[in-house]
Amino acid sequence: MTTLHRPTGLAATFSRSVFRGEDVCAVAGLPVHGAGPHPHFNDAIWDFTGVIGLPRYLARHARILSFTEILNAQWRELAKEFILARLAPDHHAVRELAHAYRTPVQVATVHGRLTVLAGWLNWLTDQGWMISGRSPSSTAPPTWNFARRYGTSTAS
């Protein structure tokens, strides 16, 4: 089983994503007014208020995605990748994924997904779970922890 390693220093906590430095609107094919904001993947807040063609009913706060509500930097990175993959399923890195969604979603949709995702990822952080899939208090594989916690067997 392969697990991700925990960052050991400040430099390791910065983005290692395939989307690092990308202009979110350009990747997702969202046209922006010339002077409008152009959010980049590394930004903590993605402001889509300058995007042309968003529905008029979409409130201003729903056009801004704030990843700052996710407490753990590793989970925040994961959330950004998920949201950008949903906005731009034709990106070369997403296209390679076997079970990735193939239909792009709207800004309003990812705003709702982020709200739910932030709550769940913060709950995982509160429970002590890290990106490696292991509880910090255990060295057992995650499947074993699941079986022990819920009384089920994962062995075939």
# chains A, B, ... in the order shown; residues from 1 in each chain; ligands from 1
$ residues_around --residues "stretch 91-102 of chain A" --least-positions-apart "2" --cutoff "12 Å" --atoms "only C-alpha atoms" --output "CSV table (one decimal) with N, CA and C atoms, in the first residue's frame"
chain,number,residue,atom,x,y,z
A,17,SER,N,0.5,20.5,-6.7
A,17,SER,CA,-0.5,20.0,-7.6
A,17,SER,C,-0.2,20.2,-9.1
A,18,VAL,N,-0.8,19.4,-9.9
A,18,VAL,CA,-0.6,19.6,-11.3
A,18,VAL,C,-1.2,20.9,-11.8
A,19,PHE,N,-2.1,21.5,-11.0
A,19,PHE,CA,-2.8,22.7,-11.3
A,19,PHE,C,-2.0,23.9,-10.8
A,20,ARG,N,-0.9,23.7,-10.1
A,20,ARG,CA,-0.1,24.8,-9.5
A,20,ARG,C,0.1,26.0,-10.5
A,22,GLU,N,-2.0,27.7,-12.2
A,22,GLU,CA,-2.9,27.8,-13.3
A,22,GLU,C,-3.9,28.9,-13.1
A,24,VAL,N,-7.5,29.8,-13.1
A,24,VAL,CA,-8.7,28.9,-12.9
A,24,VAL,C,-9.7,29.2,-14.0
A,26,ALA,N,-9.2,30.4,-17.0
A,26,ALA,CA,-8.6,30.0,-18.3
A,26,ALA,C,-8.7,28.5,-18.5
A,27,VAL,N,-8.4,27.7,-17.4
A,27,VAL,CA,-8.4,26.3,-17.4
A,27,VAL,C,-9.9,25.8,-17.6
A,28,ALA,N,-10.8,26.5,-16.9
A,28,ALA,CA,-12.2,26.1,-17.0
A,28,ALA,C,-13.0,26.6,-18.2
A,29,GLY,N,-12.3,27.5,-19.0
A,29,GLY,CA,-12.9,28.1,-20.1
A,29,GLY,C,-14.0,29.1,-19.8
A,81,GLU,N,-8.2,21.0,-5.8
A,81,GLU,CA,-8.1,20.1,-7.0
A,81,GLU,C,-9.4,19.5,-7.4
A,82,PHE,N,-10.2,19.1,-6.4
A,82,PHE,CA,-11.5,18.6,-6.7
A,82,PHE,C,-12.4,19.6,-7.4
A,83,ILE,N,-12.4,20.8,-6.9
A,83,ILE,CA,-13.3,21.8,-7.5
A,83,ILE,C,-12.8,22.2,-8.9
A,84,LEU,N,-11.5,22.3,-9.1
A,84,LEU,CA,-11.0,22.7,-10.4
A,84,LEU,C,-11.3,21.5,-11.4
A,85,ALA,N,-11.2,20.3,-10.9
A,85,ALA,CA,-11.4,19.1,-11.8
A,85,ALA,C,-12.9,19.1,-12.2
A,86,ARG,N,-13.8,19.5,-11.3
A,86,ARG,CA,-15.2,19.6,-11.7
A,86,ARG,C,-15.5,20.7,-12.7
A,87,LEU,N,-14.8,21.8,-12.5
A,87,LEU,CA,-15.0,22.9,-13.4
A,87,LEU,C,-14.4,22.7,-14.8
A,88,ALA,N,-13.3,21.9,-14.8
A,88,ALA,CA,-12.5,21.7,-16.1
A,88,ALA,C,-12.2,20.2,-16.3
A,89,PRO,N,-13.2,19.4,-16.5
A,89,PRO,CA,-13.0,17.9,-16.7
A,89,PRO,C,-12.2,17.6,-17.9
A,104,PRO,N,-18.6,19.4,-17.3
A,104,PRO,CA,-18.2,20.5,-16.4
A,104,PRO,C,-19.5,21.0,-15.7
A,105,VAL,N,-19.2,21.5,-14.5
A,105,VAL,CA,-20.3,22.1,-13.7
A,105,VAL,C,-20.2,23.6,-13.6
$ closest_atom_pairs --of "stretch 45-87 of chain A" --to "stretch 117-130 of chain A" --cutoff "10 Å" --atoms "only C-alpha atoms" --output "tab-separated table"
residue	atom	partner	partner_atom	distance
A:Ser66	CA	A:Ala118	CA	9.7
A:Phe67	CA	A:Ala118	CA	7.8
A:Thr68	CA	A:Ala118	CA	9.1
A:Glu69	CA	A:Ala118	CA	6.5
A:Ile70	CA	A:Ala118	CA	5.3
A:Leu71	CA	A:Asn122	CA	6.2
A:Asn72	CA	A:Thr125	CA	6.7
A:Gln74	CA	A:Met130	CA	7.9
A:Trp75	CA	A:Leu121	CA	6.4
A:Arg76	CA	A:Ala118	CA	8.3
A:Leu78	CA	A:Leu121	CA	9.6
A:Ala79	CA	A:Leu117	CA	7.3
A:Phe82	CA	A:Leu117	CA	9.8
A:Ile83	CA	A:Leu117	CA	9.8
$ write_last_selection --atoms "N, CA and C atoms" --output "PDB file, in the first residue's frame"
ATOM      1  N   SER A  66     -14.251  30.498  -1.118  1.00  0.00           N
ATOM      2  CA  SER A  66     -13.236  30.718  -0.095  1.00  0.00           C
ATOM      3  C   SER A  66     -12.789  29.381   0.471  1.00  0.00           C
ATOM      4  N   PHE A  67     -11.553  29.029   0.185  1.00  0.00           N
ATOM      5  CA  PHE A  67     -10.987  27.784   0.695  1.00  0.00           C
ATOM      6  C   PHE A  67     -10.389  27.983   2.086  1.00  0.00           C
ATOM      7  N   THR A  68     -10.412  29.216   2.580  1.00  0.00           N
ATOM      8  CA  THR A  68      -9.832  29.511   3.892  1.00  0.00           C
ATOM      9  C   THR A  68     -10.612  28.860   5.023  1.00  0.00           C
ATOM     10  N   GLU A  69     -11.838  28.454   4.759  1.00  0.00           N
ATOM     11  CA  GLU A  69     -12.641  27.811   5.791  1.00  0.00           C
ATOM     12  C   GLU A  69     -12.182  26.386   6.074  1.00  0.00           C
ATOM     13  N   ILE A  70     -11.367  25.822   5.195  1.00  0.00           N
ATOM     14  CA  ILE A  70     -10.813  24.485   5.416  1.00  0.00           C
ATOM     15  C   ILE A  70      -9.535  24.658   6.236  1.00  0.00           C
ATOM     16  N   LEU A  71      -9.531  24.107   7.426  1.00  0.00           N
ATOM     17  CA  LEU A  71      -8.462  24.360   8.390  1.00  0.00           C
ATOM     18  C   LEU A  71      -7.125  23.735   8.018  1.00  0.00           C
ATOM     19  N   ASN A  72      -7.126  22.521   7.511  1.00  0.00           N
ATOM     20  CA  ASN A  72      -5.899  21.793   7.209  1.00  0.00           C
ATOM     21  C   ASN A  72      -5.434  22.138   5.789  1.00  0.00           C
ATOM     22  N   GLN A  74      -3.418  20.603   3.777  1.00  0.00           N
ATOM     23  CA  GLN A  74      -3.431  19.467   2.849  1.00  0.00           C
ATOM     24  C   GLN A  74      -4.840  19.211   2.323  1.00  0.00           C
ATOM     25  N   TRP A  75      -5.833  19.259   3.199  1.00  0.00           N
ATOM     26  CA  TRP A  75      -7.214  19.081   2.757  1.00  0.00           C
ATOM     27  C   TRP A  75      -7.634  20.245   1.860  1.00  0.00           C
ATOM     28  N   ARG A  76      -7.151  21.460   2.162  1.00  0.00           N
ATOM     29  CA  ARG A  76      -7.482  22.634   1.344  1.00  0.00           C
ATOM     30  C   ARG A  76      -6.997  22.425  -0.091  1.00  0.00           C
ATOM     31  N   LEU A  78      -6.468  19.556  -1.572  1.00  0.00           N
ATOM     32  CA  LEU A  78      -7.303  18.513  -2.157  1.00  0.00           C
ATOM     33  C   LEU A  78      -8.643  19.095  -2.625  1.00  0.00           C
ATOM     34  N   ALA A  79      -9.235  19.953  -1.821  1.00  0.00           N
ATOM     35  CA  ALA A  79     -10.513  20.579  -2.183  1.00  0.00           C
ATOM     36  C   ALA A  79     -10.358  21.427  -3.442  1.00  0.00           C
ATOM     37  N   PHE A  82     -10.211  19.111  -6.415  1.00  0.00           N
ATOM     38  CA  PHE A  82     -11.533  18.554  -6.710  1.00  0.00           C
ATOM     39  C   PHE A  82     -12.408  19.588  -7.420  1.00  0.00           C
ATOM     40  N   ILE A  83     -12.435  20.799  -6.886  1.00  0.00           N
ATOM     41  CA  ILE A  83     -13.283  21.848  -7.463  1.00  0.00           C
ATOM     42  C   ILE A  83     -12.827  22.188  -8.882  1.00  0.00           C
TER      43      ILE A  83
END
$ select_by_dssp --residues "stretch 17-75 of chain A" --states "helix (DSSP H, G or I)" --output "NGL selection string"
:A and (24-28 or 60-63 or 67-69 or 73-75)
$ residues_around --residues "A:Gly21" --least-positions-apart "5" --cutoff "12 Å" --atoms "only C-alpha atoms" --output "list in words"
Phe14, Ser15, Arg16, Ala26, Val27, His38, Pro39, His40, Phe41, Asn42 and Asp43 of chain A
$ closest_residue --among "A:Ile52, A:Ile131, A:Val32, A:Ala62" --to "A:Leu114" --atoms "only C-alpha atoms"
A:Ala62
$ atom_distance --atom1 "atom CA of A:Val116" --atom2 "atom CA of A:Glu77"
15.6 Å
$ atom_distance --atom1 "atom CA of A:Gly36" --atom2 "atom CA of A:Ala73"
27.2 Å
$ residues_around --residues "stretch 55-60 of chain A" --least-positions-apart "3" --cutoff "12 Å" --atoms "only C-alpha atoms" --output "PDB file with N, CA and C atoms, in the first residue's frame"
ATOM      1  N   ASP A  47     -12.271  34.332  -6.881  1.00  0.00           N
ATOM      2  CA  ASP A  47     -13.314  35.329  -7.130  1.00  0.00           C
ATOM      3  C   ASP A  47     -13.762  35.245  -8.586  1.00  0.00           C
ATOM      4  N   PHE A  48     -14.999  34.784  -8.783  1.00  0.00           N
ATOM      5  CA  PHE A  48     -15.562  34.651 -10.119  1.00  0.00           C
ATOM      6  C   PHE A  48     -16.523  35.784 -10.459  1.00  0.00           C
ATOM      7  N   THR A  49     -16.456  36.900  -9.748  1.00  0.00           N
ATOM      8  CA  THR A  49     -17.389  37.999  -9.986  1.00  0.00           C
ATOM      9  C   THR A  49     -17.203  38.630 -11.363  1.00  0.00           C
ATOM     10  N   GLY A  50     -16.052  38.467 -11.971  1.00  0.00           N
ATOM     11  CA  GLY A  50     -15.808  39.041 -13.293  1.00  0.00           C
ATOM     12  C   GLY A  50     -16.129  38.109 -14.441  1.00  0.00           C
ATOM     13  N   VAL A  51     -16.630  36.927 -14.155  1.00  0.00           N
ATOM     14  CA  VAL A  51     -16.917  35.957 -15.211  1.00  0.00           C
ATOM     15  C   VAL A  51     -18.150  36.397 -15.998  1.00  0.00           C
ATOM     16  N   ILE A  52     -18.033  36.370 -17.311  1.00  0.00           N
ATOM     17  CA  ILE A  52     -19.125  36.749 -18.209  1.00  0.00           C
ATOM     18  C   ILE A  52     -20.072  35.561 -18.371  1.00  0.00           C
ATOM     19  N   ARG A  63     -20.472  33.679  -6.006  1.00  0.00           N
ATOM     20  CA  ARG A  63     -19.475  33.780  -7.079  1.00  0.00           C
ATOM     21  C   ARG A  63     -18.052  33.784  -6.522  1.00  0.00           C
ATOM     22  N   ILE A  64     -17.941  33.687  -5.212  1.00  0.00           N
ATOM     23  CA  ILE A  64     -16.630  33.707  -4.559  1.00  0.00           C
ATOM     24  C   ILE A  64     -16.459  32.408  -3.774  1.00  0.00           C
ATOM     25  N   LEU A  65     -15.407  31.666  -4.088  1.00  0.00           N
ATOM     26  CA  LEU A  65     -15.107  30.425  -3.373  1.00  0.00           C
ATOM     27  C   LEU A  65     -13.972  30.693  -2.397  1.00  0.00           C
ATOM     28  N   GLN A 106     -21.233  24.216 -13.114  1.00  0.00           N
ATOM     29  CA  GLN A 106     -21.268  25.671 -13.022  1.00  0.00           C
ATOM     30  C   GLN A 106     -20.666  26.151 -11.706  1.00  0.00           C
ATOM     31  N   VAL A 107     -20.358  27.429 -11.642  1.00  0.00           N
ATOM     32  CA  VAL A 107     -19.798  28.040 -10.440  1.00  0.00           C
ATOM     33  C   VAL A 107     -20.750  27.864  -9.258  1.00  0.00           C
ATOM     34  N   ALA A 108     -22.044  28.005  -9.488  1.00  0.00           N
ATOM     35  CA  ALA A 108     -23.024  27.843  -8.404  1.00  0.00           C
ATOM     36  C   ALA A 108     -22.962  26.433  -7.825  1.00  0.00           C
ATOM     37  N   THR A 109     -22.747  25.439  -8.663  1.00  0.00           N
ATOM     38  CA  THR A 109     -22.677  24.053  -8.214  1.00  0.00           C
ATOM     39  C   THR A 109     -21.450  23.824  -7.341  1.00  0.00           C
ATOM     40  N   HIS A 111     -19.817  26.017  -5.689  1.00  0.00           N
ATOM     41  CA  HIS A 111     -19.949  26.784  -4.448  1.00  0.00           C
ATOM     42  C   HIS A 111     -20.656  25.929  -3.398  1.00  0.00           C
ATOM     43  N   GLY A 112     -21.734  25.270  -3.794  1.00  0.00           N
ATOM     44  CA  GLY A 112     -22.449  24.381  -2.878  1.00  0.00           C
ATOM     45  C   GLY A 112     -21.607  23.180  -2.466  1.00  0.00           C
TER      46      GLY A 112
END
